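Here the structure is laid out as structure tokens; the discussion comes afterwards.
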Amino acid sequence: MRKFKLLLLSGLLLTAQLLIAQTREVTGKVTDANGTPLNGASIRVKSTKGGTSAAPDGTFKINAAANATLIISAIGYEDKDLNIGTQTNVAISLVLDTKALSEVVVTGTGSATSRKKLGISVESITADKLPPAPTASIDQALVGKIAGAQISSTNGSPGRPVNILLRGINTINRGTSPMILLDGLEVRATDLNSLDLSGIERIEVVQGAASATIYGAQGANGVIQMFSKKGKAGKVRIDFSTNVSSNSMLNLGDVHKARLHPFAVNANGEVIGSSGNLIVLDPLISVFRENVQVNLINPTTTTSMPYDKNLQYYDHYKMFFQTAYTTNNSISISGAKDKMDFSFAVSDNRQTSTFKDNGKFSRTNLLTNFGVELAKNLKFRSITQLVYTKNSLNDGTGRGILFALNNSRPFADYNYRMPDGNYGYYFGDATGVNGYNPNYRNQYSSNLDNKIDIVQNFNLNYKPTKFLELDAKYGMNYQTQDVTYDVKPQDDNASAKFWGTRWWTGNYAPTPSVGTSGSIDNFRYRTVFQNFITSPTLDFDFEDDFKIRLPIKSTTLLAFDYRKNLFKQYITWGADAPFYTPYTASQMVTYRIQSDYTEPFVTYGYLANQKFDYGDYGGISGGVRSDFSSAFGGGSKPFTFPRGDAYLRLSSFDFWKNGKVGSSINEFKLRAAYGKAGIQPRPFDRYPLLNTVNLGSNVGFTFPTNNPNPNLDVEVSKEIEVGLDMSIKGLKGNWLSSINFSATYWDRSTANAIYSVDAAPSSGTGTIRDNAFGLASSGLQASLNVTVLKNKDFNWNLTTNFSKQTSKITSVKGGTEIVVISNAGSSNYVLKAGEKIGQLYGNLLLSSVEQLAPNGNPYIAKALQVNYTLASNGWVVDKLTKQPFVTPNKVSFGDPNPKFNMSFINDITFKNNLSINMQWDWVQGNHLYNQTRQWMYRDGIHGDYAKPLTIDGQTGAYTAFYRGVYAQVQANGTRNYFYEDASFLRLRNLSLAYDFTKLINMPVFQRLQLVLMGRNLVTFTKYSGFDPEVSSGTANSSFDRGVDHNTVPNLKTFQIGLNLGF
Amino acid sequence: MKKIAILYAFSGAIILAGCDKKLDLRNPQTIDAAGAFSSDAKVKKVVLGNYASLGGSSMFGGDVLWMSELMASAGELNWVGTFPDPRQIWSKNILVANSNVAATYSQAYRIIYNSNNILANMGVVLPADQPKVSGEALFQRALSYFELIKYYGEKPFFAGGATTLKGVPLITAPGPAAPDDVFYQMPRATVDAVYQQIIADLIAAEAGLPNTNTVYANKASAALALARVYLQQDKFAEARDAANRCITIATANGFSLVSTYAGAFNNATNTTEDLFAIQVTNQAGTNSCFTYFSTGPNGARDGDIEVTTTHYNKYNALDARRALFFFEAGAWRCGKWKTIYRNVKVMRLAEAYLTRAECNQRLTTTVGATPDADVSRTRVRAGLTALVGATLQQILDERELELAFEGQGLWDAKRLRQTVDGKTWNDDKMTFPIPLRERNVNPNLAQNPGY
């Protein structure tokens, strides 16, 4: 036996020697299907250990025998075996691996990891899969693209952020915004929507605490990481792209004002005041001196008379809404040679407001990405983004204008100018007490907001040996914003004179009773954020490096990172402008510093993570991260976050490969992960700070009503996720040839969410800010990618993303329920243990006279039920007063968040020239509190008032019903009547692109593509407001997600664009 | 060699970055509450801040005045506004969640909290200033407890059994410190205990305060406050003496009745008659009496509180006090609160004369002056004749008209054992409930009967 072995060995040696003797140098070049060189592609001779990798221009040299087989592989491409025969120079073109598990990701793992060997869930998308939204912003483009995430576009005004909810609501204090990384470094000062899509190559998203533990106290809301485009070897590429869009506001619920009126009229049908005189606008002061006569709660009043006599119906939407135009231009130049690569791009986005005379918004981005190999295996990279944003929108959110219009009775002619040429502001109580003329505001105020963002990343990477990789990154993110809000004197305005006050004021200057006028507010904000990360990574292969015959690979990641943020705010105002122009704040009679505020913040952490992979079969990893921060633990106590994950690729085992299942399912991976991650308190949350108060010419100190716990802790979310990734070999023919499926179930909880809970007022303290809330959430996310049809000319790919999640409050310290008022107005939310977070809270209108309260008794006592009836619109009303019955007690209306959301994304290409993209987004079961509509009920303005209803056999458009809905029990109180199903199915994107390069045959063009795109073209919804996707609460609020209070709807967009590549 | 150099550079970066441990970062532009009492100047700023709190709208910035008047309306005031909470007070049908009831309770205790902390840090105040500074803090605390005990105490002091009647939580020490402090769980002290504290505070305040103190508390205002407290205890001799001290000190230091009745109101700065007033300008301070009593054309709301003819007709046609009412938006309006950005009158010298007159009449004494002389001062100013041999009822009537709608309505009605809108002075509904919010977080608090 032993002899035989020796013999065999010597035979092998001999063969090897023979082979060596016969090898010669083979050169070649590796490119992708388009001829772009594949830097770093690995080339290996089959059955030998030797190998090399391709240079930046794709070329390589390797020694190989004749007839040897080269195995060429590159990340993201299918491996290729090539028998070289007698050739000594080969050209190799690799095709993209379309199987979902082929990519490599770094987010959540810290080191480049193939998706096949991933124990956590990481979503990724390449930029070419993101639609060119008219805003050219990344956040808008991500809507619907990330399985598991709820990303919604909640305000159609230029520059407004989207709401991003990845996995569950894990904080009340800080909102749901994930951390944003650009090439490994955090971008904290710059908003996600300021970064331009055109400079981004790929985006990765990790959503939960289990996959974001390596980010420690920053990670609990998940991470969105963007990777900048790099120059590729070969000819210098020049890409130019331009597009123009026209945008108009959606009005899906046909929101309008009643076209009839209920006012007292004379025998001629003319509207009269209490004096008996006609209601007329006093042209000199633009005021209706007399009010219209109407008693909305009179049970006989109906909205039934036409506006065809002395009062005319004006469509205020037509008067103020306009089509907004957006243009985007970008040019990029990129290339690579030898040891350097570069990419340089400029893009410019311009948007106009959807309201007339409301200003413009523009953003210009300049990007550079430059890499160089300084020494062998020592690489340096610098990535820069410069962003200049200029915004002259007078009403940035548009909500002020929309509110003013929606609360004005329609007979106000807001385009009327008085003889002095000015607009009136308030047309008198006749036109509704909450309405005003936006023309006045636009006439007298102007806003200029200049913002400069700098994102600068440096990266030094060194691989001294094959075991060790050293990486250091430093990033500086700077934002400076200057806003001037200028309100001109209004003393000469005849209307203002009549009322004895100037109407439009700045933010701070007091409203004077007479005389003084004009103000200037100056706001200056500056944020400097620095992030430093250094990480050594150790890689070992037990077989190669330790000669241990186990197919184990080990990856050890150690890291230290440091973050420092400095925010400064300086706000001044001047009041009482001189009566000449131009003037600046220095000429104002009063000049004050409103705010001079500095907020420093420092945090740092250490990470150690160890991963073992066992061949292709599976792997485990585990690690800890420890964070220190100025914001928690009394400034000295760290918090340590543990993690661990494991995966098992059943499809790698022989039983699977050789079994029946292997022939249909060629990839099957199970994974599970556990981890904790945190959300930090705000920098000063742990300090009680004195307020100052003016008392005559003196200043006094007062204590805050909110007393913080000085040892406030970081909010810790822990999560378990389990998932599977699989590829199914589809049908043999052209149809359904490949199916990839990925799903993850997750469950997480936070035991110490920060929020203020009530303290006994007799202590002199209003509330205590403490780690007082317990939260829990769970969800399921899945994505299914199907190659529906693939043949020579035609490729149709369908991706379906699914997300279902729910979050609730599990405990509240002290056990009380906390009612909070929406940032968007008067709607009430309740925060209560055992209930879903963010529930609307209010009184009920009934849908049956006998309806029972939770305590089993009928809401309306049996004896009184005879007085009530069900009106034809389904609500219980008092027969006599015609007003609805409203319960005196308040209850929660339920969870406004969606039951699930789904996206269907179709990508179709035909003959490589024509591509069609169609994305449908479906959000099911979410609710909105239609506060817009409720306000329009106050003065009988809403179109509903003209809708007749039948009460106890009598039919008419009774104002008593509608006014009663608004005012019963509590005027403008929150009630279920306005709590509406806001589910929708939306054609988010439909685009058609045709590349003319092959048609016109001009070699100068690499690309000559014409793109037609439509966005938000079709929506199916039952929601009665403008748009079911909006939300008026603070962006990314944890609980304030369910109110629509005069928020600007999303826009319907038609876009035409041209993409040129040289 | 180069490799080693690079390795050193990487590890050096780690060490450098790891060295920064300065994590106690504070806001350089704001004052940490912990350092609020670190110096004489800062303590005095806290005292000023506490005057601002005292002048908050839920306290003497107006609410404790109009709430008293609305509750005592007896058909002389109508609440016609849309706000449900004042309506509940007016109709004496108050829900435990009433927001005005909760706000005044909280605000009063905030003032007490501030006073307690000021008094505990008296050591850093210049010795010469200590009597004044502590006097102001005591004055602020006493006024707050007095409003609390009147509004939230189970029954008035004079109802009997004050040593067992439930008052309000009584806290006189600084704190609370930690989230689990005992101050968060205080039970109610007795009515008697709270009154004892108020009296002790005001006696000390009167002793320590200066004769004049710009717009802030002085000796005379402390004495008048004391007179009010004694009146609520039916202690007429003590009330008379306090009122007498108030008048003596005040008149010796430049205070006097202004020449016309109208001149005593709608003032941007204190008059000689104002012993204590909340300062309101267009920059700072609030006056919620103006907000609700005045009307839209004057810059207020829409005239939420109307004066009925029942009240209006109580005045003699020649009475200048009647002429101060104005008719607007369909009803009579109280002219004392007509103009925007005007001070809230908390204590006028006129009240001291009327208190002295009443007590002298009851006790058949003439301390300071005869009842006839005292009661006639305001009558004559209003254009009426002097009274001779004034009866108690005449003096009380005079007091009602002179001080109408200035916040004493409910307290006078109660101590005079009147029935208001069918509710006797000691009816359960004539007292505020302990706010729901307070009882939610403090299980040791008992509710008032009737709620």
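Chain labels run A, B, ... following the order of the structure tokens; each chain numbers its residues from 1, and ligands are numbered from 1 in the order shown.
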
Contacts of Arg322 (chain B) at 10 Å (only C-alpha atoms; same-chain gap of 3+ positions) as JSON, numbers by chain: {"B": [311, 312, 313, 314, 315, 316, 317, 318, 319, 325, 326, 334, 335, 382, 401]}

Written selection (N, CA, C and O atoms) as a PDB file, in the first residue's frame:
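The file below, again-v4.pdb, is the result:
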ATOM      1  N   HIS B 311     -75.678  92.636  36.010  1.00  0.00           N
ATOM      2  CA  HIS B 311     -74.552  93.282  36.679  1.00  0.00           C
ATOM      3  C   HIS B 311     -74.515  94.770  36.363  1.00  0.00           C
ATOM      4  O   HIS B 311     -74.363  95.607  37.251  1.00  0.00           O
ATOM      5  N   TYR B 312     -74.677  95.085  35.094  1.00  0.00           N
ATOM      6  CA  TYR B 312     -74.558  96.467  34.653  1.00  0.00           C
ATOM      7  C   TYR B 312     -75.532  97.365  35.425  1.00  0.00           C
ATOM      8  O   TYR B 312     -75.192  98.484  35.806  1.00  0.00           O
ATOM      9  N   ASN B 313     -76.717  96.827  35.688  1.00  0.00           N
ATOM     10  CA  ASN B 313     -77.739  97.634  36.349  1.00  0.00           C
ATOM     11  C   ASN B 313     -77.493  97.806  37.846  1.00  0.00           C
ATOM     12  O   ASN B 313     -78.216  98.516  38.519  1.00  0.00           O
ATOM     13  N   LYS B 314     -76.485  97.132  38.375  1.00  0.00           N
ATOM     14  CA  LYS B 314     -76.183  97.293  39.794  1.00  0.00           C
ATOM     15  C   LYS B 314     -75.564  98.663  40.089  1.00  0.00           C
ATOM     16  O   LYS B 314     -75.492  99.073  41.230  1.00  0.00           O
ATOM     17  N   TYR B 315     -75.056  99.312  39.053  1.00  0.00           N
ATOM     18  CA  TYR B 315     -74.383 100.596  39.262  1.00  0.00           C
ATOM     19  C   TYR B 315     -75.381 101.728  39.160  1.00  0.00           C
ATOM     20  O   TYR B 315     -76.317 101.677  38.357  1.00  0.00           O
ATOM     21  N   ASN B 316     -75.124 102.725  39.935  1.00  0.00           N
ATOM     22  CA  ASN B 316     -75.838 103.980  39.812  1.00  0.00           C
ATOM     23  C   ASN B 316     -75.519 104.579  38.446  1.00  0.00           C
ATOM     24  O   ASN B 316     -74.416 104.428  37.942  1.00  0.00           O
ATOM     25  N   ALA B 317     -76.493 105.251  37.856  1.00  0.00           N
ATOM     26  CA  ALA B 317     -76.289 105.815  36.523  1.00  0.00           C
ATOM     27  C   ALA B 317     -75.135 106.802  36.479  1.00  0.00           C
ATOM     28  O   ALA B 317     -74.512 107.004  35.439  1.00  0.00           O
ATOM     29  N   LEU B 318     -74.856 107.427  37.623  1.00  0.00           N
ATOM     30  CA  LEU B 318     -73.781 108.431  37.656  1.00  0.00           C
ATOM     31  C   LEU B 318     -72.415 107.800  37.947  1.00  0.00           C
ATOM     32  O   LEU B 318     -71.392 108.472  37.901  1.00  0.00           O
ATOM     33  N   ASP B 319     -72.420 106.522  38.274  1.00  0.00           N
ATOM     34  CA  ASP B 319     -71.192 105.860  38.727  1.00  0.00           C
ATOM     35  C   ASP B 319     -70.175 105.775  37.583  1.00  0.00           C
ATOM     36  O   ASP B 319     -70.473 105.230  36.513  1.00  0.00           O
ATOM     37  N   PHE B 325     -67.739 100.289  31.414  1.00  0.00           N
ATOM     38  CA  PHE B 325     -68.201  99.181  30.562  1.00  0.00           C
ATOM     39  C   PHE B 325     -68.410  99.708  29.154  1.00  0.00           C
ATOM     40  O   PHE B 325     -68.754 100.872  28.965  1.00  0.00           O
ATOM     41  N   PHE B 326     -68.186  98.863  28.180  1.00  0.00           N
ATOM     42  CA  PHE B 326     -68.442  99.287  26.800  1.00  0.00           C
ATOM     43  C   PHE B 326     -69.277  98.228  26.102  1.00  0.00           C
ATOM     44  O   PHE B 326     -69.184  97.030  26.406  1.00  0.00           O
ATOM     45  N   CYS B 334     -66.454  94.234  29.985  1.00  0.00           N
ATOM     46  CA  CYS B 334     -65.740  94.826  31.112  1.00  0.00           C
ATOM     47  C   CYS B 334     -64.576  95.671  30.605  1.00  0.00           C
ATOM     48  O   CYS B 334     -63.648  95.154  29.989  1.00  0.00           O
ATOM     49  N   GLY B 335     -64.649  96.967  30.853  1.00  0.00           N
ATOM     50  CA  GLY B 335     -63.633  97.889  30.331  1.00  0.00           C
ATOM     51  C   GLY B 335     -62.293  97.811  31.035  1.00  0.00           C
ATOM     52  O   GLY B 335     -61.321  98.421  30.585  1.00  0.00           O
ATOM     53  N   ALA B 382     -65.554 107.708  42.201  1.00  0.00           N
ATOM     54  CA  ALA B 382     -66.443 107.248  41.120  1.00  0.00           C
ATOM     55  C   ALA B 382     -67.561 108.240  40.847  1.00  0.00           C
ATOM     56  O   ALA B 382     -68.442 107.966  40.037  1.00  0.00           O
ATOM     57  N   LEU B 401     -68.656  96.275  43.634  1.00  0.00           N
ATOM     58  CA  LEU B 401     -68.627  97.096  42.431  1.00  0.00           C
ATOM     59  C   LEU B 401     -67.218  97.606  42.130  1.00  0.00           C
ATOM     60  O   LEU B 401     -66.787  97.627  40.979  1.00  0.00           O
TER      61      LEU B 401
END

At most 6 Å to chain A: residues in chain B, only C-alpha atoms, as a ChimeraX atom specification: /B:23-24,27,29,31-33,45-46,48-49,106,109-110,113,183-184,438,441-442

So which residues touch Ser228 (chain A) within 8 Å, counting only C-alpha atoms, skipping near sequence neighbours fewer than 2 positions away, as a compact mmCIF listing (two decimals) with N, CA, C and O atoms, in the first residue's frame?
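Resulting contents of result-v7.txt:
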# COMPACT_ATOMS: atom_id res chain seq x y z
N LEU A 182 -21.72 56.86 2.83
CA LEU A 182 -21.23 56.99 1.46
C LEU A 182 -19.83 56.38 1.45
O LEU A 182 -18.94 56.87 2.14
N ASP A 183 -19.68 55.30 0.74
CA ASP A 183 -18.39 54.61 0.64
C ASP A 183 -17.78 54.34 2.01
O ASP A 183 -16.60 54.57 2.24
N GLY A 199 -24.20 60.18 -9.53
CA GLY A 199 -22.85 59.82 -9.11
C GLY A 199 -22.77 58.50 -8.39
O GLY A 199 -21.71 58.11 -7.91
N ILE A 200 -23.89 57.82 -8.27
CA ILE A 200 -23.95 56.62 -7.45
C ILE A 200 -24.01 55.38 -8.33
O ILE A 200 -24.72 55.34 -9.33
N GLU A 201 -23.24 54.39 -7.95
CA GLU A 201 -23.22 53.16 -8.74
C GLU A 201 -24.13 52.10 -8.14
O GLU A 201 -24.80 51.36 -8.85
N ARG A 202 -24.15 52.05 -6.82
CA ARG A 202 -24.84 50.94 -6.18
C ARG A 202 -25.27 51.40 -4.79
O ARG A 202 -24.63 52.24 -4.17
N MET A 226 -24.27 54.09 0.12
CA MET A 226 -24.13 54.34 -1.31
C MET A 226 -22.68 54.19 -1.71
O MET A 226 -21.78 54.49 -0.92
N LYS A 230 -16.86 54.72 -9.96
CA LYS A 230 -15.42 54.83 -10.16
C LYS A 230 -15.12 54.79 -11.65
O LYS A 230 -15.88 54.19 -12.41
N ASN A 369 -14.17 61.36 -7.90
CA ASN A 369 -13.75 60.12 -7.26
C ASN A 369 -12.43 59.77 -7.89
O ASN A 369 -12.33 59.56 -9.10
N ILE A 383 -12.91 60.81 -2.36
CA ILE A 383 -14.24 60.99 -2.95
C ILE A 383 -14.80 62.31 -2.43
O ILE A 383 -14.79 62.56 -1.23

Atomic distance CA of Val162 (chain A) - CA of Asn989 (chain A), expressed in Å with one decimal: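 Separation between CA of Val162 (chain A) and CA of Asn989 (chain A): 16.5 Å.
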
Using only C-alpha atoms: which of B:Ala72, B:Val182, B:Leu275, B:Leu148 has the shortest distance to Gly167 (chain B): B:Leu148

10 Å contact set for Leu985 (chain A), only C-alpha atoms, chain neighbours under 3 positions out, as a ChimeraX atom specification: /A:901-903,920-924,988,1018-1021,1028

Contacts of Gly81 (chain B) within 8 Å, only C-alpha atoms, excl. fewer than 3 positions in-chain, as a ChimeraX atom specification: /B:87,302-305
